[in-house]
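Below is the file data_23.txt, which contains compact mmCIF, C-alpha atoms.
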```
# COMPACT_ATOMS: atom_id res chain seq x y z
CA MET E 20 11.25 15.23 -11.05
CA LEU E 21 9.71 18.73 -11.19
CA ALA E 22 8.01 17.94 -14.51
CA ARG E 23 6.51 14.83 -12.94
CA LEU E 24 5.26 16.80 -9.93
CA ARG E 25 3.68 19.44 -12.15
CA ARG E 26 1.89 16.65 -13.98
CA VAL E 27 0.64 15.34 -10.61
CA GLU E 28 -0.56 18.86 -9.76
CA GLY E 29 -2.48 18.92 -13.05
CA GLN E 30 -3.97 15.51 -12.29
CA VAL E 31 -5.18 16.72 -8.88
CA ARG E 32 -6.82 19.74 -10.57
CA GLY E 33 -8.41 17.32 -13.05
CA ILE E 34 -9.94 15.38 -10.15
CA GLU E 35 -11.27 18.62 -8.62
CA ARG E 36 -13.06 19.30 -11.93
CA MET E 37 -14.40 15.74 -12.04
CA VAL E 38 -15.81 16.09 -8.51
CA ASP E 39 -17.20 19.52 -9.44
CA ASP E 40 -18.89 18.05 -12.50
CA ASP E 41 -20.27 15.22 -10.36
CA ARG E 42 -18.55 12.58 -12.47
CA TYR E 43 -19.06 8.88 -11.75
CA CYS E 44 -17.17 8.08 -8.54
CA ILE E 45 -15.42 5.01 -9.98
CA ASP E 46 -13.79 7.18 -12.66
CA VAL E 47 -12.56 9.60 -9.99
CA LEU E 48 -11.14 6.66 -8.01
CA THR E 49 -9.27 5.43 -11.09
CA GLN E 50 -7.67 8.88 -11.39
CA ILE E 51 -6.73 8.87 -7.70
CA SER E 52 -5.00 5.51 -8.16
CA ALA E 53 -3.10 6.98 -11.11
CA ILE E 54 -1.90 9.88 -8.94
CA GLN E 55 -0.84 7.50 -6.17
CA ALA E 56 1.18 5.52 -8.72
CA ALA E 57 2.78 8.73 -10.02
CA LEU E 58 3.65 9.84 -6.46
CA ASP E 59 5.13 6.40 -5.76
CA LYS E 60 7.41 6.88 -8.76
CA VAL E 61 8.51 10.32 -7.53
CA ALA E 62 9.15 8.82 -4.09
CA LEU E 63 11.19 5.93 -5.51
CA GLY E 64 13.25 8.39 -7.53
CA LEU E 65 13.98 10.43 -4.40
CA LEU E 66 14.81 7.31 -2.38
CA ASP E 67 17.14 6.12 -5.10
CA GLY E 68 18.91 9.47 -5.13
CA HIS E 69 19.10 9.37 -1.32
CA ALA E 70 20.48 5.83 -1.27
CA ARG E 71 23.17 6.68 -3.83
CA HIS E 72 24.30 10.25 -3.30
CA CYS E 73 23.32 11.26 0.24
CA MET E 74 24.54 7.98 1.76
CA HIS E 75 27.89 8.24 0.00
CA GLU E 76 28.30 11.73 1.40
CA GLY E 77 26.97 10.52 4.74
CA ALA E 78 29.51 7.69 4.80
CA SER E 79 32.36 10.12 4.23
CA ASP E 80 31.30 12.44 7.06
CA GLY E 81 30.18 9.60 9.37
CA ARG E 82 26.44 10.20 9.05
CA GLY E 83 25.83 6.93 7.15
CA GLU E 84 24.08 5.17 10.05
CA GLU E 85 21.80 8.10 10.76
CA MET E 86 20.90 8.42 7.08
CA ALA E 87 20.11 4.71 6.77
CA THR E 88 17.80 5.04 9.79
CA GLU E 89 16.06 8.05 8.23
CA MET E 90 15.71 6.24 4.93
CA MET E 91 14.11 3.18 6.53
CA ALA E 92 11.66 5.39 8.44
CA ALA E 93 10.74 7.05 5.13
CA VAL E 94 10.24 3.66 3.42
CA GLY E 95 8.06 2.56 6.33
CA ARG E 96 5.90 5.69 5.96
CA LEU E 97 5.61 5.15 2.21
CA MET E 98 4.55 1.52 2.71
CA LYS E 99 1.89 2.57 5.22
CA ARG E 100 1.22 5.80 3.30
CA GLY E 101 1.61 8.37 6.02
CA MET G 26 -14.26 16.66 -0.72
CA LEU G 27 -13.34 19.62 -2.95
CA ALA G 28 -11.74 21.44 -0.02
CA ARG G 29 -9.65 18.36 0.70
CA LEU G 30 -8.57 18.09 -2.93
CA ARG G 31 -7.57 21.76 -3.03
CA ARG G 32 -5.45 21.16 0.05
CA VAL G 33 -3.80 18.21 -1.73
CA GLU G 34 -3.15 20.48 -4.74
CA GLY G 35 -1.47 22.97 -2.40
CA GLN G 36 0.61 20.19 -0.84
CA VAL G 37 1.80 19.08 -4.31
CA ARG G 38 2.82 22.67 -5.08
CA GLY G 39 4.62 22.74 -1.74
CA ILE G 40 6.63 19.68 -2.78
CA GLU G 41 7.51 21.32 -6.11
CA ARG G 42 8.95 24.25 -4.16
CA MET G 43 10.85 21.89 -1.85
CA VAL G 44 12.40 20.10 -4.85
CA ASP G 45 13.15 23.47 -6.46
CA ASP G 46 14.88 24.65 -3.26
CA ASP G 47 16.83 21.37 -3.17
CA ARG G 48 15.44 20.50 0.26
CA TYR G 49 16.58 17.36 2.09
CA CYS G 50 15.04 14.38 0.27
CA ILE G 51 13.73 12.72 3.44
CA ASP G 52 11.61 15.82 4.20
CA VAL G 53 10.18 15.69 0.67
CA LEU G 54 9.37 11.98 1.14
CA THR G 55 7.54 12.75 4.39
CA GLN G 56 5.39 15.25 2.50
CA ILE G 57 4.69 12.73 -0.26
CA SER G 58 3.50 10.22 2.35
CA ALA G 59 1.21 12.90 3.78
CA ILE G 60 -0.31 13.50 0.34
CA GLN G 61 -0.76 9.76 -0.19
CA ALA G 62 -2.61 9.55 3.13
CA ALA G 63 -4.80 12.53 2.20
CA LEU G 64 -5.64 10.96 -1.20
CA ASP G 65 -6.46 7.67 0.53
CA LYS G 66 -8.96 9.56 2.68
CA VAL G 67 -10.57 11.16 -0.37
CA ALA G 68 -10.72 7.72 -2.02
CA LEU G 69 -12.32 6.13 1.05
CA GLY G 70 -14.90 8.93 1.15
CA LEU G 71 -15.77 8.32 -2.51
CA LEU G 72 -15.94 4.54 -1.99
CA ASP G 73 -18.19 5.03 0.99
CA GLY G 74 -20.51 7.24 -1.03
CA HIS G 75 -20.45 4.70 -3.85
CA ALA G 76 -21.21 1.78 -1.54
CA ARG G 77 -24.15 3.62 0.03
CA HIS G 78 -25.84 5.76 -2.59
CA CYS G 79 -24.84 4.40 -6.00
CA MET G 80 -25.38 0.78 -4.94
CA HIS G 81 -28.84 1.52 -3.56
CA GLU G 82 -29.75 3.15 -6.85
CA GLY G 83 -28.04 0.34 -8.73
CA ALA G 84 -30.04 -2.24 -6.78
CA SER G 85 -33.28 -0.54 -7.73
CA ASP G 86 -32.46 -0.48 -11.45
CA GLY G 87 -30.76 -3.88 -11.47
CA ARG G 88 -27.19 -2.60 -11.84
CA GLY G 89 -26.14 -3.72 -8.33
CA GLU G 90 -23.94 -6.61 -9.49
CA GLU G 91 -22.15 -4.49 -12.07
CA MET G 92 -21.56 -1.74 -9.53
CA ALA G 93 -20.17 -4.17 -6.95
CA THR G 94 -17.76 -5.49 -9.59
CA GLU G 95 -16.66 -1.96 -10.47
CA MET G 96 -16.21 -1.11 -6.80
CA MET G 97 -14.04 -4.16 -6.14
CA ALA G 98 -11.88 -3.35 -9.18
CA ALA G 99 -11.45 0.18 -7.79
CA VAL G 100 -10.49 -1.17 -4.34
CA GLY G 101 -7.98 -3.51 -6.00
CA ARG G 102 -6.39 -0.58 -7.86
CA LEU G 103 -6.24 1.49 -4.68
CA MET G 104 -4.56 -1.37 -2.78
CA LYS G 105 -1.97 -1.79 -5.57
CA ARG G 106 -1.92 1.99 -6.20
CA GLY G 107 -2.60 2.10 -9.90
CA MET T 15 13.20 -12.45 12.35
CA LEU T 16 12.47 -16.21 12.36
CA ALA T 17 10.29 -15.88 15.48
CA ARG T 18 8.32 -13.15 13.73
CA LEU T 19 7.85 -15.30 10.63
CA ARG T 20 6.68 -18.26 12.70
CA ARG T 21 4.11 -15.97 14.31
CA VAL T 22 2.96 -14.93 10.81
CA GLU T 23 2.68 -18.63 9.87
CA GLY T 24 0.49 -19.16 12.95
CA GLN T 25 -1.65 -16.17 12.01
CA VAL T 26 -2.19 -17.57 8.50
CA ARG T 27 -3.26 -20.90 10.03
CA GLY T 28 -5.61 -18.95 12.30
CA ILE T 29 -7.23 -17.36 9.25
CA GLU T 30 -7.64 -20.78 7.61
CA ARG T 31 -9.55 -21.90 10.71
CA MET T 32 -11.67 -18.72 10.65
CA VAL T 33 -12.59 -19.34 6.99
CA ASP T 34 -13.25 -23.01 7.79
CA ASP T 35 -15.55 -21.99 10.67
CA ASP T 36 -17.29 -19.53 8.34
CA ARG T 37 -16.46 -16.59 10.59
CA TYR T 38 -17.70 -13.08 9.79
CA CYS T 39 -15.72 -11.83 6.78
CA ILE T 40 -14.86 -8.47 8.37
CA ASP T 41 -13.08 -10.24 11.23
CA VAL T 42 -11.06 -12.29 8.74
CA LEU T 43 -10.14 -9.08 6.87
CA THR T 44 -8.92 -7.51 10.13
CA GLN T 45 -6.64 -10.50 10.63
CA ILE T 46 -5.34 -10.26 7.07
CA SER T 47 -4.46 -6.58 7.66
CA ALA T 48 -2.59 -7.63 10.82
CA ILE T 49 -0.55 -10.17 8.82
CA GLN T 50 0.22 -7.57 6.15
CA ALA T 51 1.47 -5.21 8.87
CA ALA T 52 3.62 -8.00 10.37
CA LEU T 53 5.08 -8.84 6.94
CA ASP T 54 5.80 -5.15 6.34
CA LYS T 55 7.82 -5.14 9.58
CA VAL T 56 9.79 -8.22 8.52
CA ALA T 57 10.41 -6.58 5.13
CA LEU T 58 11.59 -3.32 6.73
CA GLY T 59 13.93 -5.29 8.99
CA LEU T 60 15.43 -7.05 5.98
CA LEU T 61 15.74 -3.80 4.01
CA ASP T 62 17.44 -2.15 6.95
CA GLY T 63 19.92 -5.02 7.20
CA HIS T 64 20.47 -4.82 3.44
CA ALA T 65 21.02 -1.07 3.49
CA ARG T 66 23.53 -1.30 6.32
CA HIS T 67 25.50 -4.52 5.97
CA CYS T 68 25.15 -5.68 2.35
CA MET T 69 25.73 -2.17 0.95
CA HIS T 70 28.86 -1.67 3.05
CA GLU T 71 30.19 -4.98 1.72
CA GLY T 72 28.98 -4.08 -1.77
CA ALA T 73 30.80 -0.75 -1.60
CA SER T 74 34.05 -2.47 -0.68
CA ASP T 75 33.86 -4.93 -3.59
CA GLY T 76 32.38 -2.43 -6.05
CA ARG T 77 28.86 -3.87 -6.11
CA GLY T 78 27.33 -0.85 -4.32
CA GLU T 79 25.54 0.53 -7.40
CA GLU T 80 24.07 -2.85 -8.32
CA MET T 81 22.89 -3.40 -4.74
CA ALA T 82 21.26 0.03 -4.56
CA THR T 83 19.40 -0.77 -7.79
CA GLU T 84 18.24 -4.12 -6.40
CA MET T 85 17.13 -2.48 -3.18
CA MET T 86 15.07 0.17 -4.97
CA ALA T 87 13.41 -2.52 -7.10
CA ALA T 88 12.54 -4.38 -3.89
CA VAL T 89 11.10 -1.22 -2.28
CA GLY T 90 9.05 -0.63 -5.43
CA ARG T 91 7.63 -4.15 -5.25
CA LEU T 92 6.82 -3.73 -1.55
CA MET T 93 5.05 -0.43 -2.20
CA LYS T 94 2.98 -2.01 -4.98
CA ARG T 95 2.83 -5.35 -3.10
CA GLY T 96 4.11 -7.75 -5.72
CA MET Y 15 -10.14 -19.45 -0.59
CA LEU Y 16 -8.81 -22.15 1.78
CA ALA Y 17 -6.55 -23.55 -0.94
CA ARG Y 18 -5.14 -20.06 -1.48
CA LEU Y 19 -4.53 -19.59 2.24
CA ARG Y 20 -2.75 -22.95 2.48
CA ARG Y 21 -0.51 -21.86 -0.37
CA VAL Y 22 0.23 -18.62 1.56
CA GLU Y 23 1.07 -20.73 4.63
CA GLY Y 24 3.49 -22.76 2.51
CA GLN Y 25 5.04 -19.55 1.15
CA VAL Y 26 5.59 -18.25 4.70
CA ARG Y 27 7.31 -21.54 5.61
CA GLY Y 28 9.42 -21.15 2.49
CA ILE Y 29 10.56 -17.74 3.69
CA GLU Y 30 11.43 -19.17 7.11
CA ARG Y 31 13.70 -21.68 5.35
CA MET Y 32 15.25 -18.92 3.24
CA VAL Y 33 16.02 -16.87 6.36
CA ASP Y 34 17.35 -20.01 8.07
CA ASP Y 35 19.62 -20.73 5.09
CA ASP Y 36 20.78 -17.10 5.16
CA ARG Y 37 19.59 -16.50 1.60
CA TYR Y 38 20.18 -13.15 -0.12
CA CYS Y 39 17.84 -10.62 1.49
CA ILE Y 40 16.52 -9.27 -1.83
CA ASP Y 41 15.25 -12.75 -2.76
CA VAL Y 42 13.47 -12.99 0.59
CA LEU Y 43 11.89 -9.55 0.01
CA THR Y 44 10.63 -10.67 -3.41
CA GLN Y 45 8.93 -13.63 -1.73
CA ILE Y 46 7.38 -11.35 0.92
CA SER Y 47 5.93 -9.14 -1.84
CA ALA Y 48 4.47 -12.28 -3.47
CA ILE Y 49 2.77 -13.23 -0.19
CA GLN Y 50 1.43 -9.68 0.24
CA ALA Y 51 -0.05 -9.87 -3.27
CA ALA Y 52 -1.60 -13.28 -2.52
CA LEU Y 53 -3.13 -11.98 0.74
CA ASP Y 54 -4.48 -8.93 -1.11
CA LYS Y 55 -6.26 -11.32 -3.49
CA VAL Y 56 -7.76 -13.27 -0.59
CA ALA Y 57 -8.86 -9.97 0.97
CA LEU Y 58 -10.45 -8.75 -2.26
CA GLY Y 59 -12.30 -12.06 -2.59
CA LEU Y 60 -13.67 -11.68 0.94
CA LEU Y 61 -14.64 -8.03 0.36
CA ASP Y 62 -16.40 -8.98 -2.85
CA GLY Y 63 -18.36 -11.69 -1.06
CA HIS Y 64 -19.16 -9.22 1.73
CA ALA Y 65 -20.32 -6.53 -0.69
CA ARG Y 66 -22.60 -8.96 -2.55
CA HIS Y 67 -24.03 -11.43 -0.06
CA CYS Y 68 -23.71 -9.91 3.41
CA MET Y 69 -24.95 -6.49 2.26
CA HIS Y 70 -27.97 -7.99 0.52
CA GLU Y 71 -28.83 -9.80 3.73
CA GLY Y 72 -28.01 -6.70 5.72
CA ALA Y 73 -30.32 -4.62 3.56
CA SER Y 74 -33.20 -7.02 4.18
CA ASP Y 75 -32.76 -6.96 7.96
CA GLY Y 76 -31.87 -3.27 8.12
CA ARG Y 77 -28.16 -3.72 8.87
CA GLY Y 78 -27.04 -2.37 5.48
CA GLU Y 79 -25.68 0.94 6.85
CA GLU Y 80 -23.75 -0.76 9.63
CA MET Y 81 -22.28 -3.27 7.19
CA ALA Y 82 -21.22 -0.56 4.75
CA THR Y 83 -19.46 1.24 7.63
CA GLU Y 84 -17.67 -1.97 8.65
CA MET Y 85 -16.66 -2.63 5.06
CA MET Y 86 -15.17 0.84 4.60
CA ALA Y 87 -13.23 0.48 7.85
CA ALA Y 88 -11.87 -2.83 6.55
CA VAL Y 89 -10.88 -1.27 3.20
CA GLY Y 90 -9.14 1.54 5.08
CA ARG Y 91 -7.14 -0.97 7.14
CA LEU Y 92 -6.20 -2.92 4.00
CA MET Y 93 -5.03 0.26 2.27
CA LYS Y 94 -2.89 1.24 5.29
CA ARG Y 95 -2.07 -2.44 5.97
CA GLY Y 96 -3.04 -2.76 9.60
```
With the file now loaded, output its structure as structure tokens.
Amino acid sequence: MLARLRRVEGQVRGIERMVDDDRYCIDVLTQISAIQAALDKVALGLLDGHARHCMHEGASDGRGEEMATEMMAAVGRLMKRG
Amino acid sequence: MLARLRRVEGQVRGIERMVDDDRYCIDVLTQISAIQAALDKVALGLLDGHARHCMHEGASDGRGEEMATEMMAAVGRLMKRG
Amino acid sequence: MLARLRRVEGQVRGIERMVDDDRYCIDVLTQISAIQAALDKVALGLLDGHARHCMHEGASDGRGEEMATEMMAAVGRLMKRG
Amino acid sequence: MLARLRRVEGQVRGIERMVDDDRYCIDVLTQISAIQAALDKVALGLLDGHARHCMHEGASDGRGEEMATEMMAAVGRLMKRG
């Protein structure tokens, strides 16, 4: 997870350089799409962990419903992107 | 544009810290959605610039069709996120 | 759920008429975005039901892991839209 | 375009039947993602037509700027889905 995020950080810095160097906008957009895809993967990994571990815990201490509600709100934000 | 990208870079670093500190996954997901929204804004700004300036230039040197095709491919990638 | 889907069906028919009447493309695009938003709501409703009911059932008959995996694959498809 | 929209209409009716028959929610979600992808293709087709034809026309009667603004707003709505 952290390794993936550090790679995303590097990709964002790469885009800053591309903008600085006045690179062709379509190439910058392709890089932005690649970052969005990478962030989607990080998000899915977190959601998966949430669904499995947190909800199990939540179920045992009666917070299952609340956690499912939070998870759906997070999925909704990811689908609309913010 | 560059200022916005530097802010995104800072947000990514913020998420790395959150993951490092083992923060609640839903809060991390909220931050990821915020970054996605910020990147979408950067992408829309670039597309807008492309549609206006590059296409005008392209029209004058006969590359208009090619540039429209490239732009649509970029929009398609942004809609599917990579 | 069904009422919402029937409304979506009506919206799609409305777009067919708009295309048939050669309406301004931007207006058609606005309608398409509205349908996408409506479908996202239906999808979130289904996911929410899945997370709550199906997973509870799944947990009791040992299919919880499998159902979580299926759910994450579905979220991934929704985020990438197909 | 119209043929594609009629197919989308048929797909929405198919989902209504699936919900009516109480089919497994993950299968319904897969179908919703397929419709989203089909609508994205219709939207990209319309945007492409807009970028090529309408903007050419717009340029000749001085509405190019306005049309580019409208197009970017439409792309933004498609990226956020509504």
Provide as a list in words the residues of chain E at most 6 Å from chain G, counting all atoms listed in the file. Glu28, Val31, Ser52, Ala53, Gln55, Ala56, Leu97, Arg100 and Gly101 of chain E
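From atom CA of E:Ala70 back to atom CA of T:Gly76, the distance works out to 15.3 Å.
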Selection near T:Arg66, 8 Å with all atoms listed in the file, sequence-local residues under 4 positions removed, as JSON, numbers by chain: {"E": [84, 87], "T": [62, 70]}
Correct to one decimal, the distance atom CA of G:His78-atom CA of G:Lys66 is 18.1 Å
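Between atom CA of Y:Asp36 and atom CA of E:Met91 there is a distance of 21.4 Å.
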Around all the atoms of stretch 28-42 of chain T listed in the file, draw an axis-aligned box and extend it by 3 Å on each of the six sides; I want its centre and edge lengths in Å to one decimal, as lines of an AutoDock Vina configuration file.
```
center_x = -11.7
center_y = -15.7
center_z = 9.5
size_x = 18.1
size_y = 20.5
size_z = 11.5
```
What would the file be for stretch 30-42 of chain G if you keep all heavy atoms and write it as a PDB file, in the first residue's frame?
```pdb
ATOM      1  N   LEU G  30      -0.962  21.078  -8.715  1.00  0.00           N
ATOM      2  CA  LEU G  30      -0.288  19.771  -8.706  1.00  0.00           C
ATOM      3  C   LEU G  30       0.568  19.598  -7.454  1.00  0.00           C
ATOM      4  O   LEU G  30       0.650  18.517  -6.882  1.00  0.00           O
ATOM      5  CB  LEU G  30       0.573  19.613  -9.970  1.00  0.00           C
ATOM      6  CG  LEU G  30      -0.218  19.273 -11.226  1.00  0.00           C
ATOM      7  CD1 LEU G  30       0.640  19.460 -12.473  1.00  0.00           C
ATOM      8  CD2 LEU G  30      -0.760  17.849 -11.165  1.00  0.00           C
ATOM      9  N   ARG G  31       1.203  20.694  -7.009  1.00  0.00           N
ATOM     10  CA  ARG G  31       2.010  20.588  -5.784  1.00  0.00           C
ATOM     11  C   ARG G  31       1.114  20.299  -4.582  1.00  0.00           C
ATOM     12  O   ARG G  31       1.501  19.551  -3.674  1.00  0.00           O
ATOM     13  CB  ARG G  31       2.822  21.872  -5.565  1.00  0.00           C
ATOM     14  CG  ARG G  31       4.206  21.758  -6.206  1.00  0.00           C
ATOM     15  CD  ARG G  31       5.159  22.815  -5.736  1.00  0.00           C
ATOM     16  NE  ARG G  31       5.526  23.700  -6.843  1.00  0.00           N
ATOM     17  CZ  ARG G  31       6.376  23.371  -7.808  1.00  0.00           C
ATOM     18  NH1 ARG G  31       6.939  22.187  -7.828  1.00  0.00           N
ATOM     19  NH2 ARG G  31       6.648  24.212  -8.780  1.00  0.00           N
ATOM     20  N   ARG G  32      -0.089  20.885  -4.619  1.00  0.00           N
ATOM     21  CA  ARG G  32      -1.029  20.584  -3.537  1.00  0.00           C
ATOM     22  C   ARG G  32      -1.433  19.100  -3.578  1.00  0.00           C
ATOM     23  O   ARG G  32      -1.516  18.439  -2.546  1.00  0.00           O
ATOM     24  CB  ARG G  32      -2.270  21.482  -3.660  1.00  0.00           C
ATOM     25  CG  ARG G  32      -2.771  21.961  -2.308  1.00  0.00           C
ATOM     26  CD  ARG G  32      -3.863  23.012  -2.452  1.00  0.00           C
ATOM     27  NE  ARG G  32      -3.484  24.061  -3.380  1.00  0.00           N
ATOM     28  CZ  ARG G  32      -4.250  24.532  -4.364  1.00  0.00           C
ATOM     29  NH1 ARG G  32      -5.480  24.063  -4.528  1.00  0.00           N
ATOM     30  NH2 ARG G  32      -3.815  25.483  -5.165  1.00  0.00           N
ATOM     31  N   VAL G  33      -1.655  18.573  -4.779  1.00  0.00           N
ATOM     32  CA  VAL G  33      -1.983  17.150  -4.908  1.00  0.00           C
ATOM     33  C   VAL G  33      -0.836  16.304  -4.359  1.00  0.00           C
ATOM     34  O   VAL G  33      -1.064  15.336  -3.616  1.00  0.00           O
ATOM     35  CB  VAL G  33      -2.263  16.778  -6.392  1.00  0.00           C
ATOM     36  CG1 VAL G  33      -2.340  15.264  -6.562  1.00  0.00           C
ATOM     37  CG2 VAL G  33      -3.550  17.426  -6.879  1.00  0.00           C
ATOM     38  N   GLU G  34       0.404  16.687  -4.697  1.00  0.00           N
ATOM     39  CA  GLU G  34       1.575  15.954  -4.199  1.00  0.00           C
ATOM     40  C   GLU G  34       1.566  15.935  -2.670  1.00  0.00           C
ATOM     41  O   GLU G  34       1.799  14.903  -2.038  1.00  0.00           O
ATOM     42  CB  GLU G  34       2.855  16.624  -4.723  1.00  0.00           C
ATOM     43  CG  GLU G  34       4.115  15.782  -4.550  1.00  0.00           C
ATOM     44  CD  GLU G  34       5.384  16.613  -4.757  1.00  0.00           C
ATOM     45  OE1 GLU G  34       5.376  17.526  -5.625  1.00  0.00           O
ATOM     46  OE2 GLU G  34       6.366  16.362  -4.032  1.00  0.00           O
ATOM     47  N   GLY G  35       1.259  17.093  -2.073  1.00  0.00           N
ATOM     48  CA  GLY G  35       1.191  17.167  -0.616  1.00  0.00           C
ATOM     49  C   GLY G  35       0.080  16.286  -0.061  1.00  0.00           C
ATOM     50  O   GLY G  35       0.247  15.640   0.983  1.00  0.00           O
ATOM     51  N   GLN G  36      -1.056  16.242  -0.780  1.00  0.00           N
ATOM     52  CA  GLN G  36      -2.170  15.397  -0.326  1.00  0.00           C
ATOM     53  C   GLN G  36      -1.783  13.919  -0.360  1.00  0.00           C
ATOM     54  O   GLN G  36      -2.147  13.154   0.534  1.00  0.00           O
ATOM     55  CB  GLN G  36      -3.401  15.633  -1.220  1.00  0.00           C
ATOM     56  CG  GLN G  36      -4.146  16.939  -0.946  1.00  0.00           C
ATOM     57  CD  GLN G  36      -5.274  17.143  -1.954  1.00  0.00           C
ATOM     58  OE1 GLN G  36      -5.013  17.240  -3.150  1.00  0.00           O
ATOM     59  NE2 GLN G  36      -6.504  17.209  -1.484  1.00  0.00           N
ATOM     60  N   VAL G  37      -1.025  13.525  -1.425  1.00  0.00           N
ATOM     61  CA  VAL G  37      -0.592  12.120  -1.516  1.00  0.00           C
ATOM     62  C   VAL G  37       0.333  11.796  -0.339  1.00  0.00           C
ATOM     63  O   VAL G  37       0.201  10.755   0.303  1.00  0.00           O
ATOM     64  CB  VAL G  37       0.107  11.824  -2.860  1.00  0.00           C
ATOM     65  CG1 VAL G  37       0.645  10.389  -2.885  1.00  0.00           C
ATOM     66  CG2 VAL G  37      -0.855  12.039  -4.028  1.00  0.00           C
ATOM     67  N   ARG G  38       1.248  12.731  -0.036  1.00  0.00           N
ATOM     68  CA  ARG G  38       2.133  12.502   1.117  1.00  0.00           C
ATOM     69  C   ARG G  38       1.326  12.406   2.406  1.00  0.00           C
ATOM     70  O   ARG G  38       1.628  11.607   3.287  1.00  0.00           O
ATOM     71  CB  ARG G  38       3.180  13.624   1.220  1.00  0.00           C
ATOM     72  CG  ARG G  38       4.520  13.217   0.605  1.00  0.00           C
ATOM     73  CD  ARG G  38       5.636  14.098   1.107  1.00  0.00           C
ATOM     74  NE  ARG G  38       5.351  15.500   0.834  1.00  0.00           N
ATOM     75  CZ  ARG G  38       5.694  16.137  -0.296  1.00  0.00           C
ATOM     76  NH1 ARG G  38       6.366  15.501  -1.218  1.00  0.00           N
ATOM     77  NH2 ARG G  38       5.382  17.398  -0.482  1.00  0.00           N
ATOM     78  N   GLY G  39       0.278  13.218   2.501  1.00  0.00           N
ATOM     79  CA  GLY G  39      -0.598  13.159   3.672  1.00  0.00           C
ATOM     80  C   GLY G  39      -1.219  11.775   3.829  1.00  0.00           C
ATOM     81  O   GLY G  39      -1.329  11.240   4.941  1.00  0.00           O
ATOM     82  N   ILE G  40      -1.629  11.179   2.699  1.00  0.00           N
ATOM     83  CA  ILE G  40      -2.236   9.848   2.751  1.00  0.00           C
ATOM     84  C   ILE G  40      -1.195   8.819   3.179  1.00  0.00           C
ATOM     85  O   ILE G  40      -1.492   7.893   3.943  1.00  0.00           O
ATOM     86  CB  ILE G  40      -2.834   9.476   1.381  1.00  0.00           C
ATOM     87  CG1 ILE G  40      -4.041  10.371   1.089  1.00  0.00           C
ATOM     88  CG2 ILE G  40      -3.260   8.019   1.372  1.00  0.00           C
ATOM     89  CD1 ILE G  40      -4.761   9.989  -0.183  1.00  0.00           C
ATOM     90  N   GLU G  41       0.047   8.977   2.681  1.00  0.00           N
ATOM     91  CA  GLU G  41       1.108   8.044   3.099  1.00  0.00           C
ATOM     92  C   GLU G  41       1.245   8.067   4.620  1.00  0.00           C
ATOM     93  O   GLU G  41       1.339   7.020   5.264  1.00  0.00           O
ATOM     94  CB  GLU G  41       2.452   8.429   2.449  1.00  0.00           C
ATOM     95  CG  GLU G  41       2.493   8.162   0.949  1.00  0.00           C
ATOM     96  CD  GLU G  41       3.713   8.776   0.274  1.00  0.00           C
ATOM     97  OE1 GLU G  41       4.761   8.925   0.933  1.00  0.00           O
ATOM     98  OE2 GLU G  41       3.604   9.131  -0.915  1.00  0.00           O
ATOM     99  N   ARG G  42       1.235   9.282   5.191  1.00  0.00           N
ATOM    100  CA  ARG G  42       1.337   9.383   6.651  1.00  0.00           C
ATOM    101  C   ARG G  42       0.146   8.715   7.330  1.00  0.00           C
ATOM    102  O   ARG G  42       0.297   8.016   8.332  1.00  0.00           O
ATOM    103  CB  ARG G  42       1.419  10.862   7.083  1.00  0.00           C
ATOM    104  CG  ARG G  42       2.834  11.398   7.189  1.00  0.00           C
ATOM    105  CD  ARG G  42       2.848  12.746   7.889  1.00  0.00           C
ATOM    106  NE  ARG G  42       1.942  13.705   7.247  1.00  0.00           N
ATOM    107  CZ  ARG G  42       2.252  14.463   6.202  1.00  0.00           C
ATOM    108  NH1 ARG G  42       3.456  14.402   5.677  1.00  0.00           N
ATOM    109  NH2 ARG G  42       1.364  15.291   5.675  1.00  0.00           N
TER     110      ARG G  42
END
```
